[in-house]
Each structure stands twice: as structure tokens, then as C-alpha cells.
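One file, query_38.csv, carrying CSV, C-alpha atoms:
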```csv
chain,number,residue,atom,x,y,z
A,9,MET,CA,116.0,31.7,59.4
A,10,ASP,CA,112.5,33.2,59.0
A,11,LEU,CA,110.9,30.6,56.8
A,12,ASP,CA,108.3,32.9,55.3
A,13,ALA,CA,110.9,35.5,54.5
A,14,ASN,CA,113.0,32.8,52.9
A,15,ARG,CA,110.1,31.5,50.9
A,16,ARG,CA,109.4,35.0,49.6
A,17,LEU,CA,113.0,35.5,48.6
A,18,ILE,CA,113.0,32.3,46.6
A,19,ALA,CA,109.7,33.0,45.0
A,20,THR,CA,110.7,36.6,44.1
A,21,ALA,CA,114.0,35.4,42.6
A,22,LEU,CA,112.2,32.6,40.6
A,23,ALA,CA,109.9,35.3,39.1
A,24,ARG,CA,112.9,37.2,37.7
A,25,ILE,CA,114.4,34.2,35.9
A,26,PRO,CA,112.2,34.1,32.9
A,27,ALA,CA,113.5,37.5,31.9
A,28,GLY,CA,117.0,36.0,31.7
A,29,ASP,CA,118.2,37.3,35.1
A,30,ARG,CA,121.3,35.1,36.0
A,31,ALA,CA,121.7,36.9,39.4
A,32,ALA,CA,118.2,35.7,40.2
A,33,LEU,CA,119.2,32.1,39.4
A,34,GLN,CA,122.2,32.6,41.6
A,35,THR,CA,120.0,33.8,44.4
A,36,VAL,CA,117.9,30.7,44.1
A,37,TYR,CA,121.0,28.6,44.0
A,38,ARG,CA,122.5,30.2,47.2
A,39,LEU,CA,119.2,29.7,49.1
A,40,THR,CA,118.5,26.2,48.0
A,41,ALA,CA,121.5,24.3,46.7
A,42,ALA,CA,122.5,22.7,50.0
A,43,LYS,CA,118.9,21.3,50.4
A,44,LEU,CA,118.6,20.1,46.9
A,45,PHE,CA,122.1,18.5,46.9
A,46,GLY,CA,121.1,16.8,50.1
A,47,VAL,CA,117.8,15.5,48.6
A,48,VAL,CA,119.6,14.2,45.4
A,49,LEU,CA,122.5,12.7,47.4
A,50,ARG,CA,120.0,10.9,49.6
A,51,ILE,CA,118.5,9.1,46.6
A,52,LEU,CA,121.7,8.5,44.5
A,53,GLY,CA,124.2,8.0,47.3
A,54,GLU,CA,127.1,9.0,45.1
A,55,ARG,CA,128.5,12.6,45.2
A,56,GLY,CA,129.8,12.9,41.6
A,57,GLU,CA,126.5,11.7,40.2
A,58,ALA,CA,124.5,13.9,42.6
A,59,GLU,CA,126.6,16.9,41.4
A,60,ASP,CA,125.7,16.2,37.8
A,61,VAL,CA,122.0,15.9,38.7
A,62,VAL,CA,122.0,19.1,40.7
A,63,GLN,CA,123.6,21.0,37.9
A,64,ASP,CA,120.8,19.7,35.6
A,65,VAL,CA,118.2,20.7,38.2
A,66,TYR,CA,119.3,24.3,38.1
A,67,LEU,CA,119.4,24.3,34.3
A,68,THR,CA,115.8,23.0,34.5
A,69,VAL,CA,114.9,25.8,36.9
A,70,TRP,CA,116.4,28.3,34.5
A,71,ARG,CA,114.2,27.0,31.7
A,72,LYS,CA,111.0,26.4,33.7
A,73,ALA,CA,111.0,29.1,36.4
A,74,GLY,CA,108.0,30.7,34.6
A,75,ASP,CA,106.0,27.6,35.4
A,76,PHE,CA,106.2,28.2,39.1
A,77,ASP,CA,103.1,29.7,40.5
A,78,SER,CA,103.4,31.0,44.0
A,79,GLU,CA,99.6,31.0,44.4
A,80,ARG,CA,99.7,27.2,43.9
A,81,GLY,CA,102.4,26.1,46.3
A,82,SER,CA,105.7,26.6,48.0
A,83,PRO,CA,108.8,27.3,46.0
A,84,MET,CA,110.8,24.9,48.0
A,85,THR,CA,108.3,22.1,47.4
A,86,TRP,CA,108.4,22.9,43.7
A,87,LEU,CA,112.2,22.9,43.6
A,88,ILE,CA,112.5,19.7,45.7
A,89,ALA,CA,110.1,18.0,43.4
A,90,ILE,CA,112.3,18.8,40.4
A,91,ALA,CA,115.4,17.6,42.3
A,92,ARG,CA,113.7,14.4,43.4
A,93,ASN,CA,112.4,13.6,39.9
A,94,ARG,CA,115.7,14.3,38.3
A,95,ALA,CA,117.5,12.1,40.8
A,96,ILE,CA,114.9,9.3,40.3
A,97,ASP,CA,115.3,9.6,36.5
A,98,ARG,CA,119.0,9.1,36.9
A,99,LEU,CA,118.5,6.2,39.3
A,100,ARG,CA,116.1,4.5,36.9
A,101,ALA,CA,118.5,5.1,33.9
A,102,THR,CA,121.7,3.8,35.5
A,103,ARG,CA,120.7,1.1,38.0
A,104,THR,CA,119.6,-1.9,36.0
A,105,SER,CA,120.5,-4.0,39.0
A,106,ARG,CA,121.8,-2.8,42.3
A,107,HIS,CA,122.3,-4.1,45.7
A,108,MET,CA,119.5,-3.2,48.1
A,109,ASP,CA,119.3,-4.0,51.7
A,110,PRO,CA,116.3,-6.0,52.7
A,111,ILE,CA,113.6,-4.2,54.7
A,112,ASP,CA,112.2,-6.3,57.5
A,113,SER,CA,108.5,-5.5,57.5
A,114,ALA,CA,108.1,-7.0,61.0
A,115,ASP,CA,111.0,-5.1,62.6
A,116,SER,CA,109.4,-2.8,65.1
A,117,ILE,CA,112.5,-1.1,66.2
A,118,ALA,CA,112.2,2.5,65.3
A,119,ASP,CA,114.1,3.6,62.2
A,120,PRO,CA,116.7,6.1,63.3
A,121,ALA,CA,115.9,8.3,60.3
A,122,ASP,CA,112.3,8.2,61.4
A,123,ALA,CA,113.4,9.7,64.7
A,124,ALA,CA,115.5,12.4,63.1
A,125,ASP,CA,112.5,13.5,61.0
A,126,ARG,CA,110.6,14.3,64.1
A,127,VAL,CA,112.9,17.2,64.9
A,128,LEU,CA,110.6,19.0,62.6
A,129,GLU,CA,107.4,18.1,64.4
A,130,LYS,CA,107.0,21.5,65.9
A,131,ASN,CA,105.7,22.7,62.6
A,132,GLU,CA,102.0,22.0,62.4
A,133,ASP,CA,102.0,20.5,58.9
A,134,ASN,CA,104.9,18.3,59.8
A,135,ALA,CA,103.2,17.1,62.9
A,136,ARG,CA,100.1,16.2,60.9
A,137,LEU,CA,102.0,14.1,58.4
A,138,TYR,CA,103.9,12.3,61.1
A,139,GLY,CA,100.8,11.8,63.1
A,140,CYS,CA,99.1,10.2,60.1
A,141,LEU,CA,102.1,8.1,59.3
A,142,ASP,CA,101.9,6.7,62.8
A,143,GLY,CA,98.4,5.6,62.0
A,144,LEU,CA,99.7,3.3,59.2
A,145,ALA,CA,100.8,-0.3,59.7
A,146,LEU,CA,104.5,-0.7,60.1
A,147,HIS,CA,105.0,-2.4,56.7
A,148,GLU,CA,103.0,0.3,55.0
A,149,ARG,CA,105.1,3.0,56.5
A,150,LYS,CA,108.3,1.2,55.6
A,151,ALA,CA,107.2,0.8,52.0
A,152,LEU,CA,106.4,4.5,51.6
A,153,ARG,CA,109.7,5.4,53.2
A,154,GLY,CA,111.6,3.1,50.8
A,155,ALA,CA,109.9,4.7,47.8
A,156,PHE,CA,110.3,8.3,49.0
A,157,PHE,CA,113.8,8.3,50.5
A,158,ASP,CA,115.5,5.5,48.6
A,159,GLY,CA,113.8,6.1,45.2
A,160,ASN,CA,112.5,2.5,45.2
A,161,THR,CA,110.1,1.3,42.6
A,162,TYR,CA,107.3,-1.2,43.3
A,163,ASP,CA,109.6,-3.9,42.0
A,164,ASP,CA,112.4,-2.8,44.3
A,165,LEU,CA,110.1,-2.7,47.3
A,166,ALA,CA,108.6,-6.1,46.6
A,167,VAL,CA,112.2,-7.6,46.5
A,168,ARG,CA,113.3,-5.7,49.6
A,169,MET,CA,110.3,-6.7,51.6
A,170,SER,CA,110.0,-10.2,50.1
A,171,VAL,CA,106.4,-10.0,49.0
A,172,PRO,CA,104.7,-10.4,45.6
A,173,LEU,CA,104.5,-7.3,43.4
A,174,GLY,CA,100.7,-7.2,43.6
A,175,THR,CA,100.8,-7.3,47.3
A,176,MET,CA,103.3,-4.4,47.4
A,177,LYS,CA,101.1,-2.3,45.1
A,178,SER,CA,98.1,-3.0,47.4
A,179,TRP,CA,100.1,-2.0,50.5
A,180,VAL,CA,101.4,1.2,49.0
A,181,ARG,CA,98.1,2.3,47.5
A,182,ARG,CA,96.1,1.5,50.6
A,183,ALA,CA,98.7,3.4,52.7
A,184,LEU,CA,98.4,6.4,50.4
A,185,ILE,CA,94.6,6.4,50.6
A,186,LYS,CA,94.8,6.1,54.4
A,187,LEU,CA,97.3,8.9,54.5
A,188,LYS,CA,95.2,11.3,52.5
A,189,SER,CA,92.1,10.5,54.4
A,190,CYS,CA,93.9,11.2,57.7
A,191,LEU,CA,95.5,14.4,56.5
A,192,GLU,CA,92.1,15.7,55.4
A,193,THR,CA,90.3,15.1,58.7
B,12,MET,CA,88.4,1.0,47.4
B,13,SER,CA,85.9,1.1,44.6
B,14,ASP,CA,86.6,4.7,43.8
B,15,THR,CA,90.4,4.2,43.8
B,16,VAL,CA,90.8,1.5,41.2
B,17,ASP,CA,88.6,1.4,38.1
B,18,HIS,CA,87.2,-1.7,36.4
B,19,SER,CA,90.4,-2.3,34.4
B,20,GLY,CA,92.5,-2.3,37.6
B,21,ALA,CA,94.0,1.1,36.9
B,22,PRO,CA,94.3,3.4,39.8
B,23,SER,CA,92.3,6.6,40.0
B,24,ASP,CA,94.0,9.8,38.9
B,25,ASP,CA,94.5,10.9,42.5
B,26,LEU,CA,96.2,7.6,43.4
B,27,LEU,CA,98.3,7.8,40.3
B,28,ALA,CA,99.4,11.3,41.2
B,29,ALA,CA,100.3,10.1,44.7
B,30,GLU,CA,102.4,7.2,43.2
B,31,TYR,CA,104.2,9.7,41.0
B,32,ALA,CA,104.8,12.1,43.8
B,33,LEU,CA,106.0,9.3,46.0
B,34,GLY,CA,108.4,8.3,43.3
B,35,VAL,CA,107.4,4.6,43.1
B,36,LEU,CA,106.5,4.5,39.4
B,37,ALA,CA,109.0,3.3,36.8
B,38,GLY,CA,109.3,2.9,33.1
B,39,ALA,CA,106.2,3.5,30.9
B,40,GLU,CA,104.0,4.3,33.9
B,41,ARG,CA,106.3,7.0,35.0
B,42,ALA,CA,106.7,8.4,31.5
B,43,ALA,CA,102.9,8.4,31.0
B,44,ALA,CA,102.4,10.3,34.3
B,45,GLU,CA,104.9,12.9,33.2
B,46,GLN,CA,103.1,13.3,29.9
B,47,ARG,CA,99.9,14.0,31.7
B,48,ILE,CA,101.5,16.5,34.1
B,49,ALA,CA,102.7,18.4,31.1
B,50,ARG,CA,99.3,18.4,29.4
B,51,GLU,CA,96.6,18.3,32.0
B,52,LEU,CA,96.3,21.0,34.6
B,53,GLY,CA,93.9,18.9,36.7
B,54,PHE,CA,96.4,16.1,36.9
B,55,ALA,CA,99.4,18.4,37.5
B,56,THR,CA,97.4,20.0,40.4
B,57,LEU,CA,96.8,16.5,42.0
B,58,VAL,CA,100.5,15.8,41.8
B,59,ALA,CA,101.4,19.2,43.3
B,60,ALA,CA,99.0,18.6,46.1
B,61,TRP,CA,100.7,15.3,46.9
B,62,GLU,CA,104.1,16.9,46.7
B,63,GLU,CA,102.9,19.4,49.3
B,64,ARG,CA,101.5,16.6,51.5
B,65,LEU,CA,104.8,14.8,51.5
B,66,SER,CA,106.9,17.9,51.8
B,67,PRO,CA,107.6,17.5,55.5
B,68,TRP,CA,109.4,14.3,54.6
B,69,ALA,CA,111.4,16.2,52.0
B,70,SER,CA,112.2,18.9,54.6
B,71,SER,CA,113.6,16.2,56.9
B,72,ILE,CA,116.4,15.3,54.5
B,73,ALA,CA,119.7,16.7,55.7
B,74,GLU,CA,121.3,19.4,53.7
B,75,ALA,CA,124.7,18.7,52.1
B,76,ALA,CA,127.1,21.3,50.9
B,77,PRO,CA,127.7,21.0,47.2
B,78,PRO,CA,131.2,21.5,45.9
B,79,ALA,CA,132.3,25.1,45.6
B,80,ASP,CA,132.7,25.0,41.8
B,81,LEU,CA,129.2,23.7,41.2
B,82,TRP,CA,127.7,27.1,40.6
B,83,ASP,CA,130.5,27.9,38.0
B,84,ARG,CA,129.6,24.7,36.2
B,85,ILE,CA,126.0,25.7,36.1
B,86,VAL,CA,126.8,29.1,34.7
B,87,ALA,CA,129.0,27.6,32.1
B,88,ALA,CA,126.2,25.4,31.0
B,89,LEU,CA,123.6,28.2,30.7
B,90,PRO,CA,122.7,29.5,27.2
B,91,ALA,CA,124.9,32.5,26.1
B,92,ALA,CA,124.3,35.7,28.0
B,93,GLY,CA,121.7,37.9,26.4
B,94,THR,CA,119.6,34.9,25.5
B,95,PRO,CA,116.4,35.0,27.5
B,96,ALA,CA,115.6,32.0,29.6
B,97,PRO,CA,113.3,30.0,27.4
B,98,GLN,CA,110.0,29.1,29.0
B,99,GLY,CA,109.4,25.4,29.6
B,100,GLY,CA,106.3,23.5,29.1
B,101,GLY,CA,103.8,23.7,31.9
B,102,TRP,CA,100.1,23.1,31.5
B,103,TRP,CA,99.5,26.7,30.6
B,104,GLN,CA,101.6,26.3,27.5
B,105,SER,CA,100.1,23.1,26.3
B,106,LEU,CA,98.7,23.1,22.8
B,107,ALA,CA,95.4,21.8,24.0
B,108,PHE,CA,95.1,24.6,26.5
B,109,TRP,CA,95.8,27.3,23.9
B,110,ARG,CA,93.7,25.7,21.2
B,111,GLY,CA,90.9,25.4,23.7
B,112,LEU,CA,91.2,29.0,24.7
B,113,SER,CA,91.2,30.4,21.2
B,114,LEU,CA,88.3,28.1,20.2
B,115,ALA,CA,86.4,29.0,23.3
B,116,THR,CA,86.7,32.7,22.8
B,117,GLY,CA,87.1,32.8,19.1
B,118,ALA,CA,88.6,36.2,19.8
B,119,LEU,CA,92.2,37.1,19.2
B,120,ALA,CA,92.1,39.9,21.7
B,121,ALA,CA,90.8,37.6,24.4
B,122,ALA,CA,93.7,35.2,23.8
B,123,CYS,CA,96.1,38.0,24.0
B,124,ILE,CA,94.6,39.3,27.2
B,125,GLY,CA,94.9,35.7,28.5
B,126,VAL,CA,98.6,35.8,27.8
B,127,LEU,CA,99.0,39.1,29.7
B,128,VAL,CA,96.9,38.0,32.6
B,129,TYR,CA,98.9,34.8,33.0
B,130,ARG,CA,102.1,36.7,32.9
B,131,GLY,CA,100.8,38.8,35.8
B,132,ALA,CA,101.7,41.9,33.8
B,133,VAL,CA,99.5,44.9,33.5
B,134,PRO,CA,101.3,46.7,30.7
B,135,GLU,CA,101.9,50.4,31.0
B,136,ALA,CA,102.1,50.9,27.2
B,137,PRO,CA,99.2,49.6,25.1
B,138,PRO,CA,100.2,46.2,23.9
B,139,LEU,CA,100.7,45.3,20.2
B,140,MET,CA,99.4,42.1,18.9
B,141,ALA,CA,99.5,40.1,15.8
B,142,SER,CA,97.7,37.1,14.4
B,143,ILE,CA,100.4,35.3,12.5
B,144,ASP,CA,98.6,33.6,9.7
B,145,GLY,CA,99.5,31.2,6.9
B,146,GLY,CA,97.8,28.6,4.7
B,147,GLY,CA,94.5,30.2,5.5
B,148,GLN,CA,94.8,29.6,9.2
B,149,ARG,CA,95.9,31.5,12.3
B,150,GLN,CA,99.2,29.7,13.1
B,151,PHE,CA,100.4,31.7,16.1
B,152,VAL,CA,99.1,34.6,18.3
B,153,ALA,CA,101.7,37.2,19.4
B,154,THR,CA,101.5,39.9,22.0
B,155,VAL,CA,104.2,42.5,22.4
B,156,ASP,CA,104.6,44.1,25.9
B,157,LEU,CA,106.6,47.2,25.2
B,158,SER,CA,106.9,48.1,28.9
B,159,ARG,CA,108.7,44.8,29.5
B,160,GLY,CA,110.3,44.6,26.1
B,161,SER,CA,109.0,41.1,25.6
B,162,ILE,CA,106.8,39.2,23.1
B,163,ALA,CA,104.5,36.4,24.1
B,164,VAL,CA,103.7,33.9,21.3
B,165,ALA,CA,101.3,31.0,21.5
B,166,PRO,CA,100.6,28.5,18.8
B,167,ALA,CA,97.1,28.2,17.4
B,168,ALA,CA,96.7,26.0,14.3
B,169,PHE,CA,100.4,25.4,13.9
B,170,ALA,CA,101.4,21.8,13.6
B,171,ALA,CA,104.9,20.8,14.5
B,172,ASP,CA,107.2,19.7,11.7
B,173,ALA,CA,109.1,16.5,12.4
B,174,THR,CA,112.6,17.9,11.4
B,175,ARG,CA,112.4,21.7,11.6
B,176,VAL,CA,111.6,24.2,14.3
B,177,PRO,CA,109.6,27.4,14.0
B,178,GLU,CA,111.6,30.6,14.2
B,179,LEU,CA,110.1,34.1,14.8
B,180,TRP,CA,111.3,37.1,12.8
B,181,LEU,CA,110.6,40.8,13.2
B,182,ILE,CA,110.5,42.6,9.8
B,183,PRO,CA,110.4,46.4,10.2
B,184,ALA,CA,109.8,48.9,7.5
B,185,ASP,CA,113.2,48.3,5.9
B,186,GLY,CA,112.1,44.8,5.0
B,187,ARG,CA,115.0,43.0,6.5
B,188,PRO,CA,114.1,40.1,8.9
B,189,ARG,CA,115.6,40.2,12.4
B,190,PRO,CA,115.6,37.0,14.4
B,191,LEU,CA,113.6,37.1,17.6
B,192,GLY,CA,114.1,33.5,18.6
B,193,LEU,CA,112.7,29.9,18.3
B,194,LEU,CA,109.1,29.2,19.1
B,195,ARG,CA,107.7,26.2,20.7
B,196,PRO,CA,105.4,24.1,18.5
B,197,ASP,CA,103.5,22.8,21.5
B,198,GLY,CA,103.2,25.7,23.9
B,199,GLY,CA,103.5,29.4,24.6
B,200,ILE,CA,106.8,31.2,25.0
B,201,VAL,CA,107.8,34.6,26.2
B,202,ILE,CA,110.8,36.1,24.3
B,203,ALA,CA,112.8,39.1,25.4
B,204,ILE,CA,113.1,41.4,22.5
B,205,PRO,CA,116.8,42.4,22.1
B,206,GLN,CA,117.3,46.0,23.2
B,207,ALA,CA,118.5,47.0,19.7
B,208,LEU,CA,115.3,45.7,18.1
B,209,ARG,CA,112.8,47.3,20.5
B,210,PRO,CA,112.5,50.5,18.5
B,211,PHE,CA,111.4,48.4,15.5
B,212,ALA,CA,108.6,46.7,17.4
B,213,THR,CA,106.0,49.2,16.2
B,214,GLY,CA,102.6,49.1,14.6
B,215,ASP,CA,104.2,49.0,11.2
B,216,ALA,CA,106.3,45.9,11.7
B,217,VAL,CA,105.5,42.4,10.5
B,218,LEU,CA,106.1,39.2,12.4
B,219,ALA,CA,107.0,36.1,10.4
B,220,VAL,CA,107.6,32.5,11.2
B,221,SER,CA,109.9,30.3,9.2
B,222,LEU,CA,110.8,26.7,9.5
B,223,GLU,CA,114.5,26.2,10.3
B,224,PRO,CA,116.9,23.4,11.2
B,225,ALA,CA,117.1,22.5,14.9
B,226,GLY,CA,118.8,25.3,16.8
B,227,GLY,CA,117.5,27.9,14.4
B,228,SER,CA,118.7,29.6,11.2
B,229,PRO,CA,122.5,29.3,11.0
B,230,THR,CA,122.8,32.4,8.9
B,231,GLY,CA,120.8,35.0,10.8
B,232,GLN,CA,118.3,35.2,8.0
B,233,PRO,CA,115.4,32.8,7.2
B,234,THR,CA,116.7,29.8,5.4
B,235,GLY,CA,113.6,27.7,5.4
B,236,PRO,CA,110.1,28.5,4.2
B,237,VAL,CA,108.2,31.4,5.7
B,238,ILE,CA,105.0,29.7,6.7
B,239,ALA,CA,103.1,32.6,8.3
B,240,THR,CA,103.1,36.3,8.7
B,241,GLY,CA,101.2,38.9,10.6
B,242,LYS,CA,101.2,42.7,11.1
B,243,LEU,CA,101.6,44.2,14.5
B,244,THR,CA,98.6,46.3,15.5
B,245,ASN,CA,97.4,48.1,18.6
B,246,LEU,CA,95.1,46.0,20.8
```
Conversion result in C-alpha cells:
Amino acid sequence: MDLDANRRLIATALARIPAGDRAALQTVYRLTAAKLFGVVLRILGERGEAEDVVQDVYLTVWRKAGDFDSERGSPMTWLIAIARNRAIDRLRATRTSRHMDPIDSADSIADPADAADRVLEKNEDNARLYGCLDGLALHERKALRGAFFDGNTYDDLAVRMSVPLGTMKSWVRRALIKLKSCLET
Amino acid sequence: MSDTVDHSGAPSDDLLAAEYALGVLAGAERAAAEQRIARELGFATLVAAWEERLSPWASSIAEAAPPADLWDRIVAALPAAGTPAPQGGGWWQSLAFWRGLSLATGALAAACIGVLVYRGAVPEAPPLMASIDGGGQRQFVATVDLSRGSIAVAPAAFAADATRVPELWLIPADGRPRPLGLLRPDGGIVIAIPQALRPFATGDAVLAVSLEPAGGSPTGQPTGPVIATGKLTNL
């Protein structure tokens, strides 16, 4: 699929939604539902719940499509952000306590998911992010991954990696600062 | 690190935006960040930049086919056909933004042009506008785009009522109010004018705002107090 063409299709359809164009919403759905369902399912891990959230995501898109500004960013990034945030809201609301596997911060064996990500490295932006992630300490990278892919909070991460909350906040914040600095050079 | 955490130990805006985009915030911190995204363009831009930075990670997540009936469930949950998609609350609709704009320009026309420019619409027909005033103050500013059959309404001095919602009415020469839709107390909204009402959206018509129970007037006529009115005039 031509990514630019796909991006234009999604952006054009989004622009028609504020006028009440249901066919435009359906176009957006067809082009993006599998991705958004994947993103939500990754965070929630339960299909029924993910279906409810994705339904809510497209109702949000229906209401807020007018907020999307194609000058300011990619439509897919905008849609994924809505999906991730809705999934995280659901996670925070329903999981007062849940089982989480510990993360071994010293385990240097490559995360298999980490390797799968790299399929995308041929894209320049992707290569930059992965290059900069490689520059982080292993425990920093694992903390960021836990937050992004598993929807972990600072508290969750502190438990999973067996460090005090303050330490976890320092790790993540330092990692984010390093990441930005690397991406900007 | 001195520029990333202030003296009270709070992270800088950019770091807070990064934490929000990463998804690591919870509870009150997350809610506070969301409030700021809705109200502050600068902060929303920082968050969007971080979402873009992290987007390769999002791209790496495997797709998963949703169930075949999910689209039907979404359609069933949409507002009734013919109801325009209401516009949600981005920064451009924030009360502070609109108040700032109208204060900065002091000019109704400029505010209306701002609405049109934002919408990316260069109207073919000359737009109509109205200053919807009540209680000695401009409560809302409305611009009718006849080429699109829509009306953009932004709050000015209007202060939200705790229990009632503002509803917009079009009152043509016959004096009978026609409902155009609910307004947002805290931001701009673009409403599609129903096809049947478009011939009435002329320079003689009056726009009125009444306060109605949640969901709008149950009768199709104003049931609460009309708090502001304004005549449509050519820009």
C-alpha cells in the first residue's frame, strides 16, 4: 500500500465527517480499524473489552474529526493516539489490581517484540527512533516499552521492575529526555 | 536536568507531554494533562509532537481483525441520521481562545473571519453574521456559510449554566422559532442548517439562544428563557 496515498485518503475522509458524512466515517473505519483494534487489544489483552473501546474510538472520531489538522500531523498518529488513550482510560478504570509479569531490568536477552519492531526500520523515521532507543540503557528501554505497549503506570513499572517509585520516575524521565535529544540531532 | 524539573519538583511541560503521550500517567496527573490538552494549544502541540516521535512504535503493533459486526454496532450508536456530527473540543474551541480572540480584535467581523479561516472555507456566497447579545453583553458570535449550509457559533461572554444547555434557534419573518441545535458553552461549534431551513437563513432572520434541559428542548420550541438574540446581517 502506498503510505502517502493511504494517508491522504484517511485525511480526506476525516475532513468530510464534520458535515455528518457517515460514508466518510466508514471509509476511515475500513482503512484503520484493523490497526486500531490491534493497538487497543495490545493494551487491554481481552477482545470483548477491546471491541467496546474501538467502538467508542470511532464515536469519538465522529465527534472530533474537525479537530484533526492535517498540517499538524499524520491522521494515523492522531487516530492511534485516540485509540491508545481510550484503551488506557479503560485499563485505569477497570484494573484496580491485576497480575503483571515482572520485568527483569538486567535481562539482556533481546525482547522478541523488540526484534519484530525492526521490520519497520527501512523507514527513515522508524530507523531514527530505534537507533535512539538503542542508545538508552536497557532498564530505561524496558520501562518505556512497558508504559507504551502494556499501558503501565509509574506505579506498575516500579512494581514490575522492583525499584522505588521515585527511581522509576527518574529512569523514565531521563530516558525521555535522552530520546528527544537524540532524535533532534 | 535543571530545565526539566522546576523547583517544586514538577516536570517541565515538554516532559509532562512526553509522559502523557507515553501513557505512564494515572489518576489526577493524567486528568490534569488532558485538561491542559483541551485548553492550551501550546501544550497540545507538545503532546502531538511526542505522539509523532513515538509513532514508529505504534506502527509496529500488529493489526488485528475486528469482528465483522463492529461497524454495525458503531453505526447503531451514532446520533440519528441527519444530525450533523457535533464538533468536539479542541484548543481552537476553547473559551479562552475565543475570548482572547474577540478581546484582541474587539471586532466582530474579525472573529467571524477567524471562524471561516479556521474552517478552511472560502465562502462563495457572502457570509451572514450575527452578534447574539443578551444582558448587555455579546453572548455568542455566529457566522452563516450559505455555500455550505452551515452556521459556526462561538461563545463570547456566555457563562455556562450548571443544569441547562444553550440551544440555538432560527426565527424567520413568521416569528416561529426553528431549532438549529445545541451550542457548546465552552467552545465553538459548526452546525449544518437543515435543508428545509436554509431558505430562512437570510438577512431578515433572527438567531436566539435559550437555556434548555440537557439534550435540548423536548417540545421543538424554546421551553427555557431566551437569554440572547441577534439579527443576521451581511458581513
Can you pull out the residues contacting Thr193 of chain A? Cut-off 12 Å, using only C-alpha atoms, and skip same-chain residues under 6 positions away; I want them as a short mmCIF file (atom, residue, chain, number, x, y, z; two decimals) with C-alpha atoms, in the coordinates of the input.
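Wrote it out as selection-v9.cif, contents follow:
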```cif
data_model
loop_
_atom_site.label_atom_id
_atom_site.label_comp_id
_atom_site.auth_asym_id
_atom_site.auth_seq_id
_atom_site.Cartn_x
_atom_site.Cartn_y
_atom_site.Cartn_z
CA ARG A 136 100.10 16.20 60.90
CA LEU A 137 102.00 14.10 58.40
CA GLY A 139 100.80 11.80 63.10
CA CYS A 140 99.10 10.20 60.10
CA LYS A 186 94.80 6.10 54.40
CA LEU A 187 97.30 8.90 54.50
#
```
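Applying the 9 Å criterion to (106.9, 27.3, 37.5) in file coordinates and using all atoms listed in the file, one obtains the residues Leu22, Ala23, Val69, Lys72, Ala73, Gly74, Asp75, Phe76, Asp77, Ser78, Pro83 and Trp86 of chain A; Gly99 and Gly101 of chain B.
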File dump, residues just selected, C-alpha atoms, as a tab-separated table (two decimals), keeping the file's coordinate frame:
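This is the output file selection-v4.tsv:
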```
chain	number	residue	atom	x	y	z
A	22	LEU	CA	112.20	32.60	40.60
A	23	ALA	CA	109.90	35.30	39.10
A	69	VAL	CA	114.90	25.80	36.90
A	72	LYS	CA	111.00	26.40	33.70
A	73	ALA	CA	111.00	29.10	36.40
A	74	GLY	CA	108.00	30.70	34.60
A	75	ASP	CA	106.00	27.60	35.40
A	76	PHE	CA	106.20	28.20	39.10
A	77	ASP	CA	103.10	29.70	40.50
A	78	SER	CA	103.40	31.00	44.00
A	83	PRO	CA	108.80	27.30	46.00
A	86	TRP	CA	108.40	22.90	43.70
B	99	GLY	CA	109.40	25.40	29.60
B	101	GLY	CA	103.80	23.70	31.90
```
message: Just checking: using all atoms listed in the file, which residue out of A:Gly81, A:Thr161, A:Asp97, A:Ala145 ends up closest to chain B?
response: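 Of all the options, A:Thr161 lies closest to chain B.
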message: Quick one: residues within 9 Å of Leu139 of chain B, only C-alpha atoms, excluding same-chain residues fewer than 4 positions away - as a PyMOL selection string?
response: chain B and resi 153-157+212-214+243-246
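Residue list for chain A within 6 Å of chain B: Pro26, Ala27, Gly28, Ala42, Lys43, Phe45, Gly46, Gln63, Arg71, Lys72, Asp75, Asp125, Asn134, Ala155, Phe156, Asn160, Thr161 and Tyr162 of chain A, counting all atoms listed in the file.
Atom CA of Leu208 of chain B sits 23.5 Å away from atom CA of Ala225 of chain B.
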- request: Give me, please, the distance in Å between atom CA of Thr68 of chain A and atom CA of Gly231 of chain B, quoted to one decimal.
  value: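 Computed distance, atom CA of Thr68 of chain A to atom CA of Gly231 of chain B, equals 27.0 Å.
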task: Identify, on the basis of all atoms listed in the file, every residue whose closest approach to segment 93-95 of chain A does not exceed 9 Å; exclude the query and any residue fewer than 6 positions from it along the same chain; express the result as a list in words.
output: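 Here the answer would be Val47, Val48, Leu49, Ile51, Leu52, Ala58, Val61, Val62, Asp64, Val65 and Gly159 of chain A; Ala32 and Gly34 of chain B.
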Keeping only C-alpha atoms, write the selected residues to a file as an mmCIF file, in the coordinates of the input.
```cif
data_model
loop_
_atom_site.group_PDB
_atom_site.id
_atom_site.type_symbol
_atom_site.label_atom_id
_atom_site.label_comp_id
_atom_site.auth_asym_id
_atom_site.auth_seq_id
_atom_site.Cartn_x
_atom_site.Cartn_y
_atom_site.Cartn_z
ATOM 1 C CA VAL A 47 117.800 15.500 48.600
ATOM 2 C CA VAL A 48 119.600 14.200 45.400
ATOM 3 C CA LEU A 49 122.500 12.700 47.400
ATOM 4 C CA ILE A 51 118.500 9.100 46.600
ATOM 5 C CA LEU A 52 121.700 8.500 44.500
ATOM 6 C CA ALA A 58 124.500 13.900 42.600
ATOM 7 C CA VAL A 61 122.000 15.900 38.700
ATOM 8 C CA VAL A 62 122.000 19.100 40.700
ATOM 9 C CA ASP A 64 120.800 19.700 35.600
ATOM 10 C CA VAL A 65 118.200 20.700 38.200
ATOM 11 C CA GLY A 159 113.800 6.100 45.200
ATOM 12 C CA ALA B 32 104.800 12.100 43.800
ATOM 13 C CA GLY B 34 108.400 8.300 43.300
#
```
